[in-house]
file entry_38.cif (mmCIF, C-alpha atoms and all ligand atoms)
data_my_file
loop_
_atom_site.label_atom_id
_atom_site.label_comp_id
_atom_site.auth_asym_id
_atom_site.auth_seq_id
_atom_site.Cartn_x
_atom_site.Cartn_y
_atom_site.Cartn_z
CA MET G 537 104.24 82.60 114.69
CA ARG G 538 103.60 79.11 116.03
CA THR G 539 101.74 77.30 113.34
CA GLN G 540 99.59 74.25 113.25
CA GLU G 541 98.27 72.48 110.22
CA THR G 542 94.52 72.13 110.10
CA ASP G 543 92.17 70.89 107.48
CA SER G 544 90.84 73.50 105.16
CA THR G 545 87.18 72.68 105.37
CA ARG G 546 86.06 75.93 106.93
CA PRO G 547 83.16 77.54 105.11
CA PRO G 548 83.91 80.22 102.58
CA ALA G 549 83.91 83.63 104.14
CA ALA G 550 80.44 84.89 104.73
CA ALA G 551 82.17 88.22 104.79
CA ALA G 552 82.48 88.23 101.06
CA ALA G 553 81.30 91.77 101.05
CA ALA G 554 79.00 93.05 98.37
CA GLY G 555 80.75 93.10 95.05
CA VAL G 556 83.47 90.75 96.19
CA GLU G 557 81.66 87.76 94.67
CA THR G 558 82.45 88.93 91.16
CA ASP G 559 86.05 89.84 91.93
CA PRO G 560 88.36 87.16 90.46
CA PHE G 561 90.64 87.46 93.49
CA PRO G 562 88.93 89.17 96.45
CA ILE G 563 91.24 91.18 98.72
CA LEU G 564 89.93 93.21 101.64
CA GLY G 565 92.97 95.40 102.19
CA PHE G 566 96.57 95.58 103.39
CA ASP G 567 96.91 93.71 106.69
CA HIS G 568 100.50 94.71 107.41
CA LEU G 569 103.99 94.90 105.96
CA GLU G 570 106.77 92.95 107.66
CA LEU G 571 110.22 94.48 107.43
CA TYR G 572 113.33 92.50 108.21
CA VAL G 573 115.64 94.90 110.01
CA GLY G 574 118.99 94.77 111.77
CA ASN G 575 117.60 95.72 115.17
CA ALA G 576 113.82 95.62 115.56
CA ARG G 577 113.86 97.32 118.97
CA GLN G 578 115.76 100.34 117.64
CA SER G 579 113.75 100.46 114.42
CA ALA G 580 110.54 100.56 116.45
CA ALA G 581 111.90 103.47 118.46
CA TRP G 582 112.79 105.30 115.24
CA TYR G 583 109.40 104.70 113.61
CA ARG G 584 107.80 106.01 116.79
CA HIS G 585 109.99 109.06 117.14
CA ALA G 586 110.36 110.02 113.47
CA PHE G 587 107.06 108.91 111.91
CA GLY G 588 104.74 109.01 114.94
CA PHE G 589 103.90 105.31 114.98
CA GLU G 590 102.75 103.68 118.20
CA CYS G 591 104.41 100.44 119.38
CA THR G 592 101.53 98.11 120.12
CA ALA G 593 102.79 94.54 120.26
CA VAL G 594 105.99 92.63 120.72
CA ARG G 595 107.34 89.09 120.59
CA GLY G 596 110.80 87.87 121.50
CA LEU G 597 112.68 85.90 124.12
CA GLU G 598 110.33 87.19 126.84
CA THR G 599 107.31 85.80 125.02
CA GLY G 600 108.83 82.42 124.27
CA GLU G 601 110.41 83.10 120.86
CA ARG G 602 113.90 81.70 120.53
CA ASP G 603 115.01 82.79 117.08
CA ARG G 604 113.53 86.22 116.31
CA ALA G 605 112.15 89.39 117.85
CA SER G 606 109.35 91.50 116.37
CA TRP G 607 107.89 94.86 117.22
CA LEU G 608 104.58 95.95 115.75
CA VAL G 609 104.11 99.67 115.14
CA GLU G 610 100.79 101.17 114.06
CA GLN G 611 99.39 104.46 112.83
CA GLY G 612 95.90 104.84 111.38
CA ASN G 613 95.33 101.61 109.46
CA ILE G 614 99.05 101.13 108.76
CA ARG G 615 100.76 98.25 110.53
CA LEU G 616 104.49 97.64 110.18
CA LEU G 617 105.94 94.52 111.74
CA LEU G 618 109.65 94.99 112.39
CA THR G 619 111.51 91.69 112.76
CA SER G 620 115.13 90.83 113.54
CA GLY G 621 116.78 87.43 113.75
CA LEU G 622 118.30 86.53 117.10
CA HIS G 623 120.85 84.31 115.38
CA SER G 624 122.77 84.67 112.14
CA SER G 625 120.96 81.68 110.67
CA HIS G 626 117.47 83.17 110.97
CA ALA G 627 115.88 84.22 107.68
CA ALA G 628 115.59 87.83 108.89
CA ALA G 629 119.30 88.00 109.69
CA ARG G 630 120.25 86.49 106.35
CA SER G 631 117.92 88.91 104.57
CA VAL G 632 119.43 91.93 106.33
CA SER G 633 122.90 90.73 105.46
CA ARG G 634 122.00 90.67 101.77
CA HIS G 635 119.37 93.39 101.33
CA GLY G 636 119.79 95.69 104.31
CA ASP G 637 116.56 96.62 106.09
CA SER G 638 113.77 95.89 103.65
CA VAL G 639 110.15 94.89 103.17
CA ALA G 640 110.11 91.11 103.43
CA VAL G 641 106.40 90.33 103.53
CA ILE G 642 103.39 92.12 102.07
CA ALA G 643 100.38 90.78 103.98
CA LEU G 644 96.90 91.15 102.51
CA THR G 645 93.62 90.53 104.29
CA VAL G 646 91.55 88.11 102.24
CA PRO G 647 88.07 86.69 102.86
CA ASP G 648 89.33 83.14 102.35
CA VAL G 649 93.01 82.21 102.76
CA ASP G 650 92.64 78.73 101.30
CA GLU G 651 90.85 79.99 98.25
CA ALA G 652 93.44 82.72 97.68
CA PHE G 653 96.31 80.29 98.13
CA ASP G 654 94.81 77.53 95.97
CA ALA G 655 93.84 79.95 93.21
CA SER G 656 97.24 81.63 93.08
CA VAL G 657 99.25 78.39 93.21
CA SER G 658 97.06 76.73 90.58
CA ARG G 659 97.82 79.69 88.32
CA GLY G 660 101.56 79.41 88.78
CA ALA G 661 102.54 81.10 92.07
CA LEU G 662 105.34 79.41 94.03
CA THR G 663 104.42 78.25 97.53
CA ALA G 664 106.25 79.84 100.45
CA ALA G 665 103.95 78.55 103.22
CA VAL G 666 100.86 76.37 102.85
CA PRO G 667 97.65 77.44 104.65
CA ALA G 668 97.96 76.95 108.39
CA ASN G 669 96.53 78.33 111.61
CA ALA G 670 98.55 80.23 114.18
CA VAL G 671 96.78 79.38 117.42
CA ASP G 672 96.68 80.47 121.04
CA GLU G 673 94.00 80.82 123.71
CA ARG G 674 92.65 83.96 121.99
CA GLY G 675 91.71 82.11 118.83
CA TYR G 676 93.44 81.43 115.57
CA LEU G 677 94.70 83.32 112.60
CA ARG G 678 94.81 81.63 109.21
CA HIS G 679 97.62 82.45 106.85
CA ALA G 680 99.52 81.27 103.76
CA SER G 681 102.25 82.79 101.58
CA ILE G 682 103.49 82.78 98.03
CA HIS G 683 106.68 84.12 96.50
CA LEU G 684 106.74 87.54 94.88
CA TYR G 685 109.61 89.50 93.26
CA GLY G 686 113.06 88.80 94.68
CA ASP G 687 112.90 87.47 98.23
CA THR G 688 109.62 89.27 98.94
CA LEU G 689 106.67 87.18 100.08
CA LEU G 690 102.98 87.87 99.56
CA GLN G 691 101.00 86.63 102.53
CA PHE G 692 97.24 86.03 102.75
CA ILE G 693 95.71 86.54 106.19
CA ASP G 694 92.30 86.04 107.76
CA ARG G 695 92.20 87.24 111.37
CA ARG G 696 88.44 87.15 111.95
CA ASP G 697 88.78 84.31 114.43
CA TYR G 698 91.57 85.86 116.45
CA GLY G 699 90.81 88.10 119.42
CA GLY G 700 94.28 88.71 120.83
CA VAL G 701 97.02 91.24 120.21
CA PHE G 702 98.07 91.08 116.52
CA GLY G 703 98.71 87.34 116.45
CA PRO G 704 99.60 84.29 118.52
CA GLY G 705 102.96 84.72 120.22
CA PHE G 706 102.56 88.49 120.60
CA GLN G 707 102.00 90.50 123.77
CA ALA G 708 100.96 94.11 124.15
CA ALA G 709 104.11 96.24 123.92
CA PRO G 710 105.37 97.35 127.31
CA ALA G 711 105.45 101.03 128.16
CA ILE G 712 109.08 102.14 127.97
CA PRO G 713 109.90 104.17 131.08
CA GLY G 714 110.84 107.74 130.22
CA ALA G 715 110.09 107.36 126.51
CA ALA G 716 108.03 110.18 125.10
CA ALA G 717 105.05 108.91 123.14
CA GLY G 718 105.41 109.38 119.42
CA ARG G 719 103.25 112.21 118.10
CA ASN G 720 100.77 110.84 115.59
CA CYS G 721 101.64 112.36 112.21
CA GLY G 722 98.29 111.76 110.55
CA LEU G 723 99.24 108.77 108.38
CA VAL G 724 96.02 106.85 107.73
CA ALA G 725 96.60 103.97 105.29
CA ILE G 726 98.98 102.33 102.83
CA ASP G 727 98.22 103.79 99.40
CA HIS G 728 100.54 101.71 97.23
CA VAL G 729 103.68 99.56 97.40
CA VAL G 730 106.23 99.95 94.60
CA ALA G 731 108.75 97.36 93.43
CA ASN G 732 111.92 97.71 91.40
CA VAL G 733 112.70 94.68 89.25
CA GLU G 734 115.56 93.90 86.88
CA LEU G 735 115.79 95.15 83.30
CA GLY G 736 113.42 93.16 81.12
CA ARG G 737 111.48 91.62 84.03
CA MET G 738 108.69 94.20 84.49
CA ASN G 739 106.32 92.55 82.04
CA GLU G 740 106.83 89.16 83.69
CA TRP G 741 105.63 90.60 86.99
CA VAL G 742 102.80 92.46 85.29
CA ALA G 743 101.73 89.10 83.82
CA PHE G 744 102.08 87.47 87.24
CA PHE G 745 99.77 90.00 88.90
CA SER G 746 97.31 89.67 86.07
CA ARG G 747 97.33 85.87 85.61
CA VAL G 748 97.90 84.73 89.19
CA LEU G 749 96.12 87.43 91.20
CA GLY G 750 93.52 88.68 88.73
CA PHE G 751 94.86 92.24 88.86
CA SER G 752 94.45 94.62 85.94
CA GLN G 753 96.83 97.18 84.56
CA LEU G 754 95.83 100.68 85.63
CA VAL G 755 98.41 102.69 83.77
CA HIS G 756 101.85 102.49 82.28
CA PHE G 757 104.63 104.99 81.85
CA ASP G 758 107.24 104.38 79.23
CA ASP G 759 110.76 105.64 79.20
CA ASP G 760 109.81 108.77 77.23
CA ALA G 761 107.54 109.85 80.07
CA ILE G 762 110.09 109.05 82.73
CA SER G 763 113.45 110.10 81.51
CA THR G 764 115.97 112.69 82.50
CA GLU G 765 119.18 113.77 80.88
CA TYR G 766 120.87 110.72 82.38
CA SER G 767 118.55 107.88 83.06
CA ALA G 768 115.16 106.43 82.36
CA LEU G 769 112.76 103.90 83.74
CA MET G 770 109.56 102.21 82.78
CA SER G 771 106.68 101.62 85.13
CA LYS G 772 103.36 99.79 85.10
CA VAL G 773 100.74 99.93 87.81
CA MET G 774 98.70 96.84 88.67
CA GLN G 775 95.55 97.04 90.79
CA ASP G 776 93.15 94.54 92.31
CA GLY G 777 89.49 94.16 91.34
CA THR G 778 88.30 96.89 93.69
CA GLY G 779 91.07 99.34 92.81
CA THR G 780 92.13 99.67 96.45
CA ILE G 781 95.35 97.65 96.28
CA LYS G 782 97.93 99.06 93.90
CA PHE G 783 101.35 97.67 93.04
CA PRO G 784 103.42 99.79 90.65
CA ILE G 785 106.40 97.91 89.18
CA ASN G 786 109.46 99.70 87.80
CA GLU G 787 112.32 98.49 85.66
CA PRO G 788 115.35 100.43 84.48
CA ALA G 789 115.58 101.62 80.89
CA GLU G 790 118.64 102.47 78.85
CA GLY G 791 120.07 105.81 79.86
CA ARG G 792 123.34 107.67 79.59
CA LYS G 793 124.22 106.83 83.18
CA LYS G 794 123.17 104.46 85.91
CA SER G 795 119.50 104.94 86.74
CA GLN G 796 118.13 105.18 90.27
CA ILE G 797 116.52 101.79 89.67
CA GLU G 798 119.89 100.23 88.85
CA GLU G 799 121.35 101.86 91.95
CA PHE G 800 118.57 100.27 94.01
CA LEU G 801 119.10 96.84 92.40
CA GLU G 802 122.84 97.06 93.11
CA PHE G 803 122.52 97.99 96.78
CA HIS G 804 119.45 95.91 97.54
CA GLU G 805 121.19 93.06 95.75
CA GLY G 806 118.18 92.20 93.64
CA PRO G 807 114.58 93.22 93.12
CA GLY G 808 112.32 94.28 95.98
CA VAL G 809 110.16 97.01 97.44
CA GLN G 810 111.46 100.45 96.56
CA HIS G 811 108.92 102.60 98.36
CA VAL G 812 105.76 102.46 100.40
CA ALA G 813 103.27 105.29 99.97
CA CYS G 814 101.30 106.29 103.07
CA ARG G 815 98.13 108.33 102.72
CA THR G 816 97.29 111.35 104.84
CA ASN G 817 94.26 113.65 104.85
CA ASP G 818 96.38 116.64 105.89
CA ILE G 819 99.71 116.56 104.12
CA LEU G 820 100.69 120.05 105.33
CA GLY G 821 100.25 118.96 108.96
CA THR G 822 101.84 115.56 108.37
CA VAL G 823 104.96 116.88 106.64
CA THR G 824 105.35 119.70 109.15
CA ARG G 825 105.47 117.15 111.97
CA LEU G 826 107.70 114.72 110.11
CA ARG G 827 110.17 117.51 109.38
CA GLU G 828 110.10 118.58 113.03
CA ASN G 829 110.87 114.96 113.92
CA GLY G 830 113.92 114.99 111.66
CA VAL G 831 112.58 113.01 108.71
CA GLU G 832 114.54 114.06 105.62
CA PHE G 833 112.86 114.56 102.26
CA LEU G 834 114.14 114.89 98.72
CA HIS G 835 114.95 118.47 97.94
CA VAL G 836 112.70 120.15 95.40
CA PRO G 837 114.16 123.18 93.59
CA ILE G 838 112.20 126.37 94.16
CA SER G 839 111.80 126.68 90.38
CA TYR G 840 109.37 123.75 90.57
CA TYR G 841 106.81 126.03 92.22
CA GLU G 842 107.12 128.97 89.84
CA ASP G 843 104.70 127.64 87.26
CA LEU G 844 102.92 125.08 89.44
CA GLU G 845 99.53 126.78 89.29
CA GLN G 846 99.63 126.87 85.48
CA ARG G 847 100.41 123.15 85.45
CA VAL G 848 97.92 121.86 88.03
CA GLY G 849 95.30 124.60 88.16
CA ARG G 850 93.67 125.79 91.36
CA ILE G 851 94.25 123.72 94.47
CA ASP G 852 93.05 124.28 98.04
CA GLU G 853 96.51 124.48 99.60
CA PRO G 854 98.59 127.68 99.39
CA ILE G 855 101.48 127.14 96.98
CA ASP G 856 103.92 128.98 99.23
CA ARG G 857 103.18 126.44 101.99
CA LEU G 858 103.83 123.57 99.56
CA ALA G 859 107.10 125.22 98.54
CA GLU G 860 108.11 125.71 102.17
CA LEU G 861 107.59 122.03 102.89
CA GLY G 862 108.81 120.70 99.52
CA ILE G 863 105.48 119.07 98.62
CA LEU G 864 104.79 118.21 94.95
CA ALA G 865 101.40 118.51 93.22
CA ASP G 866 99.95 116.85 90.15
CA ARG G 867 96.57 116.63 88.45
CA ASP G 868 94.85 113.96 86.39
CA GLU G 869 91.35 113.78 84.91
CA ASP G 870 89.83 112.84 88.30
CA GLY G 871 91.38 115.49 90.51
CA TYR G 872 94.71 116.41 92.04
CA LEU G 873 97.18 114.89 94.46
CA LEU G 874 99.93 116.14 96.72
CA GLN G 875 103.01 114.02 97.42
CA ILE G 876 106.49 114.07 98.89
CA PHE G 877 109.27 111.49 99.07
CA THR G 878 111.64 110.83 101.95
CA LYS G 879 115.30 110.19 101.40
CA PRO G 880 116.24 106.51 101.75
CA ILE G 881 115.65 105.59 105.39
CA GLU G 882 118.89 103.67 105.78
CA ASP G 883 122.50 103.93 104.64
CA ARG G 884 121.90 101.82 101.56
CA PRO G 885 120.10 103.88 98.89
CA THR G 886 117.14 101.51 98.87
CA LEU G 887 113.82 101.74 100.76
CA PHE G 888 112.07 105.10 101.14
CA TYR G 889 108.58 106.36 101.95
CA GLU G 890 106.14 108.55 100.08
CA ILE G 891 103.48 110.65 101.79
CA ILE G 892 100.44 111.27 99.59
CA GLU G 893 97.16 113.16 99.88
CA ARG G 894 94.57 112.52 97.19
CA HIS G 895 91.91 115.00 96.14
CA GLY G 896 90.16 112.74 93.65
CA ALA G 897 93.27 111.94 91.62
CA THR G 898 93.87 108.22 91.18
CA GLY G 899 97.30 108.52 89.54
CA PHE G 900 100.82 108.52 90.91
CA GLY G 901 102.12 111.98 90.13
CA ALA G 902 103.33 111.29 86.58
CA GLY G 903 103.75 115.03 86.06
CA ASN G 904 106.27 115.02 88.90
CA PHE G 905 108.35 112.12 87.68
CA LYS G 906 110.82 114.26 85.84
CA SER G 907 111.41 116.80 88.61
CA LEU G 908 111.48 113.98 91.12
CA PHE G 909 114.07 112.02 89.21
CA VAL G 910 116.27 115.04 88.69
CA ALA G 911 116.17 115.45 92.48
CA LEU G 912 116.92 111.75 92.97
CA GLU G 913 119.87 111.92 90.63
CA ARG G 914 121.33 114.87 92.49
CA GLU G 915 121.41 112.69 95.62
CA GLN G 916 122.67 109.70 93.65
CA ALA G 917 125.55 111.79 92.30
CA ALA G 918 126.39 112.86 95.85
CA ARG G 919 126.73 109.17 96.73
CA GLY G 920 129.13 108.64 93.84
CA ASN G 921 126.69 106.32 92.07
CA LEU G 922 125.78 108.30 88.97
FE FE2 G 1001 104.64 106.18 94.68
#

call {"tool": "encode", "arguments": {"input": "entry_38.cif", "output": "structure tokens"}}
result
Amino acid sequence: MRTQETDSTRPPAAAAAAGVETDPFPILGFDHLELYVGNARQSAAWYRHAFGFECTAVRGLETGERDRASWLVEQGNIRLLLTSGLHSSHAAARSVSRHGDSVAVIALTVPDVDEAFDASVSRGALTAAVPANAVDERGYLRHASIHLYGDTLLQFIDRRDYGGVFGPGFQAAPAIPGAAAGRNCGLVAIDHVVANVELGRMNEWVAFFSRVLGFSQLVHFDDDAISTEYSALMSKVMQDGTGTIKFPINEPAEGRKKSQIEEFLEFHEGPGVQHVACRTNDILGTVTRLRENGVEFLHVPISYYEDLEQRVGRIDEPIDRLAELGILADRDEDGYLLQIFTKPIEDRPTLFYEIIERHGATGFGAGNFKSLFVALEREQAARGNL
């Protein structure tokens, strides 16, 4: 993005929607996630074919970029920006060399970028990029970034004054001759973004979200709740003032063997985003399509479904359909949820996706942790890492 420093005297966002005034750190939603990948063009094709995203915008040599190429893919309100370096010295290329394909930037829409940046930095966040405008003839987009866990950045964006495609420097993605359009799979929004951090660091990041970003702790799971025969982990979930942005943070706990979190930290070479959960309103339809497209999910033993109804009570979806598709169910005091986890989407056992449908439940499927981790460990053992 071409950037240009401007003064920061713009008026505070009139948008400050009702209720936002009292929020210590107003956030309007996820704007996008930027992934650094080895080959953005091929990744975009895969996200289109496998997950039903639509390629909507592109930047690269043809649009005047000299050092990177990006493809934007969208589905529902989910925007993934896939970026590759065009030279080995570009940050995206260096990141891929170390981490593999991974989430590099979590971008949040905020009512006032300067306020968000100033507030977070004054409370201890490290600056990655000071507030600036990206400008072209379609307007300007204000943005700033701070450092989060590992090499991940948290970006604040305000795009109210931009009328073009995604951002300055981007053009509408060209139609690819002969390419079948991806079939929309019904993904509607990002539900939560989960990080794995090193042993002993979870509480530091919990404190960061609380002190710097005004988040509160929604729930925590200790290693008794999340342990298998071999390994254990601890997890805390931080959420913003409105409860719409949720960041669970995991750390490994002592276990008999290497935990899945340690495996992630080894192959990702440090902390970072472990999984992104995408919400659907029709998980049966979504997972059916994803499976038809070749997306691979963690295997759930059939025994999981034998006593499911006793555990979660009555749910609208037929249990035999859930079993057929490998979808998990869980209930909390507010309702129930359905969820399923893909296998890692690359050769390194790192980033994966979750598909989730909520029927009132606000939790994360704690009742499934154990069966999920047993399934994860089966795959980990197959990789020779357990
Ligand atoms: Fe999750």

call {"tool": "residues_near_ligand", "arguments": {"input": "entry_38.cif", "ligand": "ligand FE2 1001 (chain G)", "cutoff": "12 Å", "atoms": "all atoms listed in the file", "output": "compact mmCIF listing (two decimals) with C-alpha atoms, in the coordinates of the input"}}
result
# COMPACT_ATOMS: atom_id res chain seq x y z
CA ILE G 726 98.98 102.33 102.83
CA ASP G 727 98.22 103.79 99.40
CA HIS G 728 100.54 101.71 97.23
CA VAL G 729 103.68 99.56 97.40
CA VAL G 730 106.23 99.95 94.60
CA ALA G 731 108.75 97.36 93.43
CA ASN G 732 111.92 97.71 91.40
CA SER G 771 106.68 101.62 85.13
CA LYS G 772 103.36 99.79 85.10
CA VAL G 773 100.74 99.93 87.81
CA LYS G 782 97.93 99.06 93.90
CA PHE G 783 101.35 97.67 93.04
CA PRO G 784 103.42 99.79 90.65
CA ILE G 785 106.40 97.91 89.18
CA ASN G 786 109.46 99.70 87.80
CA VAL G 809 110.16 97.01 97.44
CA GLN G 810 111.46 100.45 96.56
CA HIS G 811 108.92 102.60 98.36
CA VAL G 812 105.76 102.46 100.40
CA ALA G 813 103.27 105.29 99.97
CA CYS G 814 101.30 106.29 103.07
CA ARG G 815 98.13 108.33 102.72
CA LEU G 873 97.18 114.89 94.46
CA LEU G 874 99.93 116.14 96.72
CA GLN G 875 103.01 114.02 97.42
CA ILE G 876 106.49 114.07 98.89
CA PHE G 877 109.27 111.49 99.07
CA THR G 878 111.64 110.83 101.95
CA LEU G 887 113.82 101.74 100.76
CA PHE G 888 112.07 105.10 101.14
CA TYR G 889 108.58 106.36 101.95
CA GLU G 890 106.14 108.55 100.08
CA ILE G 891 103.48 110.65 101.79
CA ILE G 892 100.44 111.27 99.59
CA GLU G 893 97.16 113.16 99.88
CA THR G 898 93.87 108.22 91.18
CA GLY G 899 97.30 108.52 89.54
CA PHE G 900 100.82 108.52 90.91
CA GLY G 901 102.12 111.98 90.13
CA ALA G 902 103.33 111.29 86.58
CA ASN G 904 106.27 115.02 88.90
CA PHE G 905 108.35 112.12 87.68
CA LEU G 908 111.48 113.98 91.12

call {"tool": "closest_residue", "arguments": {"input": "entry_38.cif", "among": "G:Gly777, G:Gly821, G:Gly660, G:Pro788", "to": "Asp758 (chain G)", "atoms": "all atoms listed in the file"}}
result
G:Pro788

call {"tool": "residues_around", "arguments": {"input": "entry_38.cif", "residues": "Asn720 (chain G)", "least_positions_apart": "5", "cutoff": "9 Å", "atoms": "all atoms listed in the file", "output": "JSON, numbers by chain"}}
result
{"G": [584, 587, 588, 589, 590, 611, 612, 822, 825]}

call {"tool": "write_last_selection", "arguments": {"input": "entry_38.cif", "atoms": "C-alpha atoms", "output": "PDB file, keeping the file's coordinate frame"}}
result
ATOM      1  CA  ARG G 584     107.800 106.010 116.790  1.00  0.00           C
ATOM      2  CA  PHE G 587     107.060 108.910 111.910  1.00  0.00           C
ATOM      3  CA  GLY G 588     104.740 109.010 114.940  1.00  0.00           C
ATOM      4  CA  PHE G 589     103.900 105.310 114.980  1.00  0.00           C
ATOM      5  CA  GLU G 590     102.750 103.680 118.200  1.00  0.00           C
ATOM      6  CA  GLN G 611      99.390 104.460 112.830  1.00  0.00           C
ATOM      7  CA  GLY G 612      95.900 104.840 111.380  1.00  0.00           C
ATOM      8  CA  THR G 822     101.840 115.560 108.370  1.00  0.00           C
ATOM      9  CA  ARG G 825     105.470 117.150 111.970  1.00  0.00           C
TER      10      ARG G 825
END

call {"tool": "atom_distance", "arguments": {"input": "entry_38.cif", "atom1": "CA of Met770 (chain G)", "atom2": "CA of Leu844 (chain G)"}}
result
24.7 Å

call {"tool": "closest_residue", "arguments": {"input": "entry_38.cif", "among": "G:Lys906, G:Arg894, G:Thr816, G:Gln578", "to": "Phe757 (chain G)", "atoms": "all atoms listed in the file"}}
result
G:Lys906

call {"tool": "atom_distance", "arguments": {"input": "entry_38.cif", "atom1": "CA of Val649 (chain G)", "atom2": "CA of Phe692 (chain G)"}}
result
5.7 Å

call {"tool": "closest_residue", "arguments": {"input": "entry_38.cif", "among": "G:Trp607, G:Tyr685, G:Phe706, G:Phe653", "to": "Ala668 (chain G)", "atoms": "all atoms listed in the file"}}
result
G:Phe653

call {"tool": "atom_distance", "arguments": {"input": "entry_38.cif", "atom1": "CA of Glu915 (chain G)", "atom2": "CA of Ile863 (chain G)"}}
result
17.4 Å

call {"tool": "closest_residue", "arguments": {"input": "entry_38.cif", "among": "G:Val573, G:Leu677, G:Ile851, G:Ala652", "to": "Leu617 (chain G)", "atoms": "all atoms listed in the file"}}
result
G:Val573

call {"tool": "residues_around", "arguments": {"input": "entry_38.cif", "residues": "Pro837 (chain G)", "least_positions_apart": "4", "cutoff": "9 Å", "atoms": "all atoms listed in the file", "output": "list in words"}}
result
Tyr841, Ala859, Gly862, Ser907 and Ala911 of chain G

call {"tool": "write_last_selection", "arguments": {"input": "entry_38.cif", "atoms": "C-alpha atoms", "output": "mmCIF file, in the coordinates of the input"}}
result
data_model
loop_
_atom_site.group_PDB
_atom_site.id
_atom_site.type_symbol
_atom_site.label_atom_id
_atom_site.label_comp_id
_atom_site.auth_asym_id
_atom_site.auth_seq_id
_atom_site.Cartn_x
_atom_site.Cartn_y
_atom_site.Cartn_z
ATOM 1 C CA TYR G 841 106.810 126.030 92.220
ATOM 2 C CA ALA G 859 107.100 125.220 98.540
ATOM 3 C CA GLY G 862 108.810 120.700 99.520
ATOM 4 C CA SER G 907 111.410 116.800 88.610
ATOM 5 C CA ALA G 911 116.170 115.450 92.480
#

call {"tool": "closest_residue", "arguments": {"input": "entry_38.cif", "among": "G:Arg659, G:Ala593, G:Ile797, G:Gly718", "to": "Leu735 (chain G)", "atoms": "all atoms listed in the file"}}
result
G:Ile797

call {"tool": "closest_residue", "arguments": {"input": "entry_38.cif", "among": "G:Arg634, G:Arg674, G:Lys879, G:His895", "to": "Asp852 (chain G)", "atoms": "all atoms listed in the file"}}
result
G:His895

call {"tool": "residues_around", "arguments": {"input": "entry_38.cif", "residues": "Gln691 (chain G)", "least_positions_apart": "2", "cutoff": "12 Å", "atoms": "all atoms listed in the file", "output": "compact mmCIF listing (two decimals) with C-alpha atoms, keeping the file's coordinate frame"}}
result
# COMPACT_ATOMS: atom_id res chain seq x y z
CA ILE G 563 91.24 91.18 98.72
CA GLY G 565 92.97 95.40 102.19
CA PHE G 566 96.57 95.58 103.39
CA ASP G 567 96.91 93.71 106.69
CA HIS G 568 100.50 94.71 107.41
CA LEU G 569 103.99 94.90 105.96
CA GLU G 570 106.77 92.95 107.66
CA ALA G 640 110.11 91.11 103.43
CA VAL G 641 106.40 90.33 103.53
CA ILE G 642 103.39 92.12 102.07
CA ALA G 643 100.38 90.78 103.98
CA LEU G 644 96.90 91.15 102.51
CA THR G 645 93.62 90.53 104.29
CA VAL G 646 91.55 88.11 102.24
CA VAL G 649 93.01 82.21 102.76
CA ASP G 650 92.64 78.73 101.30
CA ALA G 652 93.44 82.72 97.68
CA PHE G 653 96.31 80.29 98.13
CA SER G 656 97.24 81.63 93.08
CA ALA G 661 102.54 81.10 92.07
CA LEU G 662 105.34 79.41 94.03
CA THR G 663 104.42 78.25 97.53
CA ALA G 664 106.25 79.84 100.45
CA ALA G 665 103.95 78.55 103.22
CA VAL G 666 100.86 76.37 102.85
CA PRO G 667 97.65 77.44 104.65
CA ALA G 668 97.96 76.95 108.39
CA ARG G 678 94.81 81.63 109.21
CA HIS G 679 97.62 82.45 106.85
CA ALA G 680 99.52 81.27 103.76
CA SER G 681 102.25 82.79 101.58
CA ILE G 682 103.49 82.78 98.03
CA HIS G 683 106.68 84.12 96.50
CA LEU G 684 106.74 87.54 94.88
CA THR G 688 109.62 89.27 98.94
CA LEU G 689 106.67 87.18 100.08
CA ILE G 693 95.71 86.54 106.19
CA ASP G 694 92.30 86.04 107.76

call {"tool": "residues_around", "arguments": {"input": "entry_38.cif", "residues": "Ser606 (chain G)", "least_positions_apart": "3", "cutoff": "9 Å", "atoms": "only C-alpha atoms", "output": "list in words"}}
result
Ala576, Arg577, Ala593, Val594, Arg595, Gly596, Leu617, Leu618, Thr619, Ser620, Gly621 and Phe706 of chain G

call {"tool": "residues_around", "arguments": {"input": "entry_38.cif", "residues": "Gly736 (chain G)", "least_positions_apart": "2", "cutoff": "9 Å", "atoms": "all atoms listed in the file", "output": "list of chain:residue names"}}
result
G:Val733, G:Glu734, G:Met738, G:Asn739, G:Glu740, G:Glu787, G:Pro788, G:Ala789

call {"tool": "build_atoms", "arguments": {"input": "entry_38.cif", "residues": "region 802-807 of chain G", "atoms": "N, CA and C atoms", "output": "short mmCIF file (atom, residue, chain, number, x, y, z; two decimals), in the coordinates of the input"}}
result
data_model
loop_
_atom_site.label_atom_id
_atom_site.label_comp_id
_atom_site.auth_asym_id
_atom_site.auth_seq_id
_atom_site.Cartn_x
_atom_site.Cartn_y
_atom_site.Cartn_z
N GLU G 802 121.46 97.36 92.69
CA GLU G 802 122.84 97.06 93.11
C GLU G 802 122.92 96.97 94.64
N PHE G 803 122.34 97.95 95.33
CA PHE G 803 122.52 97.99 96.78
C PHE G 803 121.52 97.11 97.54
N HIS G 804 120.39 96.85 96.93
CA HIS G 804 119.45 95.91 97.54
C HIS G 804 119.83 94.47 97.18
N GLU G 805 120.75 94.36 96.26
CA GLU G 805 121.19 93.06 95.75
C GLU G 805 120.01 92.25 95.22
N GLY G 806 119.30 92.89 94.28
CA GLY G 806 118.18 92.20 93.64
C GLY G 806 116.91 93.02 93.74
N PRO G 807 115.84 92.49 93.12
CA PRO G 807 114.58 93.22 93.12
C PRO G 807 113.92 93.23 94.50
#
